[in-house]
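Written below as structure tokens is the structure these notes are about.
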Amino acid sequence: MLSIISTLCLDMKYRPLAEADAASAERYLQSVKSASLGFLPLAIVFSLPKASYMLAHMHSLR
């Protein structure tokens with residue numbers, strides 16, 4: 001459920017960038033990245049469901 005909500009939020013926020021070129025995308029990503037983490041904190045939230053699934057799958061193979 002969290003991934004659906006974060007996907008919708010990301011889609012609404014970044015839809016105007018669908019027509020952007022690579023140079024403007026690079027400038028934008030450089031301007032919003034976290035100085036301490038090096039990536040957007042929302043990226044962690046967005047990747048948690050898949051990471052949890054992969055971790056659970058790895059443990060089930062043991």
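Every chain in the structure tokens has a letter given in the order shown (A, B, ...), and although residue numbers restart at 1 in each chain, ligands are simply numbered from 1 in the order shown.
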(request) Could you give me, as a PyMOL selection string, the residues within 12 Å of range 48-50 of chain A, counting only C-alpha atoms and dropping anything in the same chain fewer than 2 positions from it? (result) chain A and resi 1-7+41-46+52-57
(request) Taking the chain letters and numbering used in this document, name the residues of chain A that DSSP puts in helix (DSSP H, G or I), as a PyMOL selection string. (result) chain A and resi 2-19+22-32+41-60
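As for CA of Glu26 in chain A and CA of Cys9 in chain A, they are spaced 20.5 Å apart.
What separates CA of Leu29 in chain A from CA of Tyr14 in chain A is a distance of 11.6 Å.
The two atoms in question, CA of Ala35 in chain A and CA of Glu19 in chain A, are spaced 27.1 Å apart.
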